[in-house]
Structure formats: C-alpha cells, structure tokens
Amino acid sequence: MCNNMSLTEEQSEEQEVLASIFEDDSNFKQVNDTCYQYKIGEDGHAKSFLIEFIWPPTYPEVPPEINLDAFYNNHILDSVKADVQNQLTEQASGLIGEAMLYSIIDWAKENHEDLMKNQLLQVSKPVDEPLNEPKQPVAKPKVKKEQLTKAQKRKMADRVNMMGERPRGWNWVDPIKHLSQTGGIDQQSTPS
C-alpha cells in the first residue's frame, strides 16, 4: 500500500523529528519515506490496533491517508475500525499545514480507551461457556512407567543387544531337543 515518493523539505524535517522522537519506541515503524505505522496498546491485546499513515505528495498541506487495514487489526470489528479512522482523520484535518503525525499518534495514545470502547475483549465465545468464569485447564492423567528392579534390568540386558533388539534366532527351536522333551523320540530304541 505504501508508495515511495520524493520528499519535500517539510516532509524531510518531520521525518527527522519522528526518527528522533520514536528512536527507542518499538511500536513505531517507518515502512518507507512516506509510510509510517504505529501500534497503540499492548501487543496481542484485544483492544490494541495498528495505524498506518501514508503521506500524499502535497503533505502536510493535505492530511495523510490513515488506514487500519493492516493484518494486525483483523481482530477489530469493522464498525470500530471505521469509527477510529474517522476520529483520526478529524484530528488530522485540524492540523493541516503543519507536521501532524506525532500529534495524531499522541492523541490516539491518550484516547485509546475511548477509541476502543465498542471493541469486544473477545470477538467470539462458545454459547455453552459461562461468560464470567475463566476456563480451567483440564489436567491430563499421567501415565506411570513401570519401574524395573536391577535384576530385571540385568536379565533384560542379557537378552538384547546394544540397540535394544533381541539377537537373530532367539525364538528358534532345536528340533531334536524339542522332540526329546515332548516324548516324540524313544530314547531306549536309539542306538548307542
């Protein structure tokens, strides 16, 4: 949205002043020579919003374009955005002919609560959830791991290799041993 244009002398002076004033303010951002953004309120709060100012070529003889269409403002109701934009534009129209960005930002910060009085703290809430009670997190049941004794761990270690796998053939059956244990081979008739 912000286009970069050549600056007039008045615009250059205001740009230097803004850079000096908002040097350590993380809420202020200069997008380019003619576009500035300022975030009002705490980051992530339902009543915080971001204002974008775009200087037209004849600024400050005409007010800056003021919009609240930034993605950051998606949580704000359209009616509240329109009302805030109208009030900020009204402030700007009273400052025609002078550097006004700092004055508008300062006014918005001072009137933040009033500007956002119609903004809901949370835009949507489930119908079955009570409005006044905070939702308590549901604790997940803990699964207790089985504890092995030292003897059990030693026996387990004897049966598996370094990677925790049993050796190849661990479940193979010796057919002769198996038959002799089950009585399949008559040991008396076996020649010696």
# chains A, B, ... in the order shown; residues from 1 in each chain; ligands from 1
>>> residues_around(residues="Ala46 in chain A", least_positions_apart="3", cutoff="12 Å", atoms="only C-alpha atoms", output="NGL selection string")
:A and (40-43 or 49-50 or 72-77 or 113 or 116-124)
>>> residues_around(residues="range 22-37 of chain A", least_positions_apart="2", cutoff="10 Å", atoms="only C-alpha atoms", output="short mmCIF file (atom, residue, chain, number, x, y, z; two decimals) with N, CA and C atoms, in the first residue's frame")
data_model
loop_
_atom_site.label_atom_id
_atom_site.label_comp_id
_atom_site.auth_asym_id
_atom_site.auth_seq_id
_atom_site.Cartn_x
_atom_site.Cartn_y
_atom_site.Cartn_z
N MET A 1 0.81 -1.20 0.00
CA MET A 1 0.00 0.00 0.00
C MET A 1 0.85 1.26 0.00
N CYS A 2 1.98 1.23 0.66
CA CYS A 2 2.82 2.41 0.79
C CYS A 2 3.69 2.57 -0.44
N ASN A 3 3.59 3.71 -1.09
CA ASN A 3 4.43 4.01 -2.26
C ASN A 3 5.53 4.97 -1.84
N ASN A 4 6.68 4.80 -2.41
CA ASN A 4 7.82 5.65 -2.09
C ASN A 4 7.87 6.82 -3.08
N MET A 5 7.80 8.06 -2.58
CA MET A 5 7.83 9.25 -3.43
C MET A 5 8.93 10.18 -2.93
N SER A 6 9.26 11.18 -3.73
CA SER A 6 10.27 12.15 -3.29
C SER A 6 9.67 13.04 -2.20
N LEU A 7 10.51 13.45 -1.27
CA LEU A 7 10.05 14.22 -0.12
C LEU A 7 10.25 15.72 -0.33
N GLN A 11 8.50 17.63 4.69
CA GLN A 11 8.40 16.19 4.96
C GLN A 11 9.72 15.65 5.49
N SER A 12 10.83 16.09 4.92
CA SER A 12 12.15 15.65 5.37
C SER A 12 12.40 16.05 6.81
N GLN A 15 10.29 13.92 9.07
CA GLN A 15 10.86 12.57 9.10
C GLN A 15 12.00 12.49 10.11
N VAL A 17 12.47 14.48 12.72
CA VAL A 17 11.89 14.65 14.06
C VAL A 17 11.27 13.34 14.54
N LEU A 18 10.51 12.67 13.68
CA LEU A 18 9.88 11.40 14.04
C LEU A 18 10.92 10.34 14.39
N ALA A 19 12.00 10.28 13.58
CA ALA A 19 13.08 9.32 13.86
C ALA A 19 13.71 9.59 15.21
N SER A 20 13.84 10.85 15.56
CA SER A 20 14.43 11.22 16.85
C SER A 20 13.49 10.89 18.02
N LYS A 39 1.68 1.19 16.53
CA LYS A 39 0.80 0.27 17.25
C LYS A 39 0.40 0.89 18.57
N ILE A 40 -0.90 0.98 18.81
CA ILE A 40 -1.44 1.53 20.05
C ILE A 40 -1.90 0.36 20.91
N GLY A 41 -1.48 0.34 22.17
CA GLY A 41 -1.88 -0.72 23.10
C GLY A 41 -0.85 -1.83 23.19
N GLU A 42 -1.11 -2.77 24.11
CA GLU A 42 -0.20 -3.88 24.34
C GLU A 42 -0.30 -4.89 23.22
N ASP A 43 0.84 -5.41 22.81
CA ASP A 43 0.90 -6.38 21.72
C ASP A 43 0.03 -7.60 22.04
N LEU A 50 -3.21 -1.13 15.02
CA LEU A 50 -2.10 -0.57 14.27
C LEU A 50 -2.64 0.46 13.28
N ILE A 51 -2.07 1.67 13.35
CA ILE A 51 -2.47 2.75 12.44
C ILE A 51 -1.39 2.88 11.37
N GLU A 52 -1.83 3.02 10.14
CA GLU A 52 -0.89 3.25 9.04
C GLU A 52 -1.16 4.64 8.46
N PHE A 53 -0.08 5.43 8.34
CA PHE A 53 -0.16 6.79 7.78
C PHE A 53 0.61 6.81 6.47
N ILE A 54 -0.01 7.32 5.42
CA ILE A 54 0.66 7.45 4.13
C ILE A 54 0.61 8.92 3.71
N TRP A 55 1.78 9.49 3.50
CA TRP A 55 1.85 10.90 3.10
C TRP A 55 1.61 11.02 1.60
N PRO A 56 0.63 11.81 1.21
CA PRO A 56 0.48 12.12 -0.23
C PRO A 56 1.57 13.12 -0.62
N PRO A 57 1.79 13.35 -1.92
CA PRO A 57 2.87 14.25 -2.36
C PRO A 57 2.75 15.66 -1.78
N TYR A 59 1.53 16.50 1.22
CA TYR A 59 1.50 16.53 2.69
C TYR A 59 2.55 17.52 3.16
N PRO A 64 -2.60 13.12 5.92
CA PRO A 64 -2.12 11.82 5.44
C PRO A 64 -3.30 10.87 5.27
N GLU A 65 -3.12 9.88 4.43
CA GLU A 65 -4.12 8.81 4.33
C GLU A 65 -3.94 7.97 5.60
N ILE A 66 -5.02 7.73 6.30
CA ILE A 66 -4.98 6.96 7.54
C ILE A 66 -5.81 5.71 7.33
N ASN A 67 -5.19 4.55 7.58
CA ASN A 67 -5.99 3.33 7.46
C ASN A 67 -5.65 2.34 8.56
N LEU A 68 -6.61 1.46 8.81
CA LEU A 68 -6.46 0.41 9.81
C LEU A 68 -6.67 -0.96 9.15
N ALA A 70 -4.41 -3.07 8.17
CA ALA A 70 -3.29 -3.99 8.37
C ALA A 70 -3.79 -5.32 8.93
N LEU A 101 1.97 14.09 12.29
CA LEU A 101 1.99 12.67 12.63
C LEU A 101 2.16 12.44 14.13
N TYR A 102 3.13 13.12 14.75
CA TYR A 102 3.34 12.94 16.19
C TYR A 102 2.09 13.34 16.96
N ILE A 105 -0.61 10.60 16.63
CA ILE A 105 -0.23 9.41 17.40
C ILE A 105 -0.40 9.66 18.89
#
>>> select_by_dssp(residues="range 44-166 of chain A", states="strand (DSSP E or B)", output="PDB file with C-alpha atoms, in the first residue's frame")
ATOM      1  CA  PHE A  49      -4.527  -1.664  16.961  1.00  0.00           C
ATOM      2  CA  LEU A  50      -2.098  -0.574  14.266  1.00  0.00           C
ATOM      3  CA  ILE A  51      -2.469   2.751  12.443  1.00  0.00           C
ATOM      4  CA  GLU A  52      -0.891   3.251   9.040  1.00  0.00           C
ATOM      5  CA  PHE A  53      -0.156   6.787   7.784  1.00  0.00           C
ATOM      6  CA  ILE A  54       0.655   7.445   4.127  1.00  0.00           C
ATOM      7  CA  GLU A  65      -4.115   8.812   4.334  1.00  0.00           C
ATOM      8  CA  ILE A  66      -4.975   6.964   7.545  1.00  0.00           C
ATOM      9  CA  ASN A  67      -5.985   3.326   7.462  1.00  0.00           C
TER      10      ASN A  67
END
>>> residues_around(residues="Ala108 in chain A", least_positions_apart="4", cutoff="9 Å", atoms="only C-alpha atoms", output="PDB file with N, CA and C atoms, in the first residue's frame")
ATOM      1  N   ILE A  40      -0.899   0.985  18.809  1.00  0.00           N
ATOM      2  CA  ILE A  40      -1.443   1.530  20.052  1.00  0.00           C
ATOM      3  C   ILE A  40      -1.897   0.361  20.915  1.00  0.00           C
ATOM      4  N   VAL A  84     -12.687   4.654  14.526  1.00  0.00           N
ATOM      5  CA  VAL A  84     -11.321   5.097  14.863  1.00  0.00           C
ATOM      6  C   VAL A  84     -10.736   5.872  13.690  1.00  0.00           C
ATOM      7  N   LEU A  88      -9.510   9.807  13.804  1.00  0.00           N
ATOM      8  CA  LEU A  88      -8.125  10.172  13.496  1.00  0.00           C
ATOM      9  C   LEU A  88      -8.058  11.135  12.312  1.00  0.00           C
ATOM     10  N   SER A 103       1.440  14.446  16.582  1.00  0.00           N
ATOM     11  CA  SER A 103       0.245  14.918  17.293  1.00  0.00           C
ATOM     12  C   SER A 103      -0.892  13.903  17.201  1.00  0.00           C
ATOM     13  N   ILE A 104      -1.072  13.310  16.033  1.00  0.00           N
ATOM     14  CA  ILE A 104      -2.145  12.322  15.853  1.00  0.00           C
ATOM     15  C   ILE A 104      -1.851  11.065  16.672  1.00  0.00           C
ATOM     16  N   HIS A 112      -6.936   6.137  23.671  1.00  0.00           N
ATOM     17  CA  HIS A 112      -7.002   4.717  23.307  1.00  0.00           C
ATOM     18  C   HIS A 112      -8.257   4.040  23.850  1.00  0.00           C
ATOM     19  N   LEU A 115     -11.380   5.319  22.121  1.00  0.00           N
ATOM     20  CA  LEU A 115     -11.438   4.872  20.732  1.00  0.00           C
ATOM     21  C   LEU A 115     -11.899   3.410  20.633  1.00  0.00           C
TER      22      LEU A 115
END
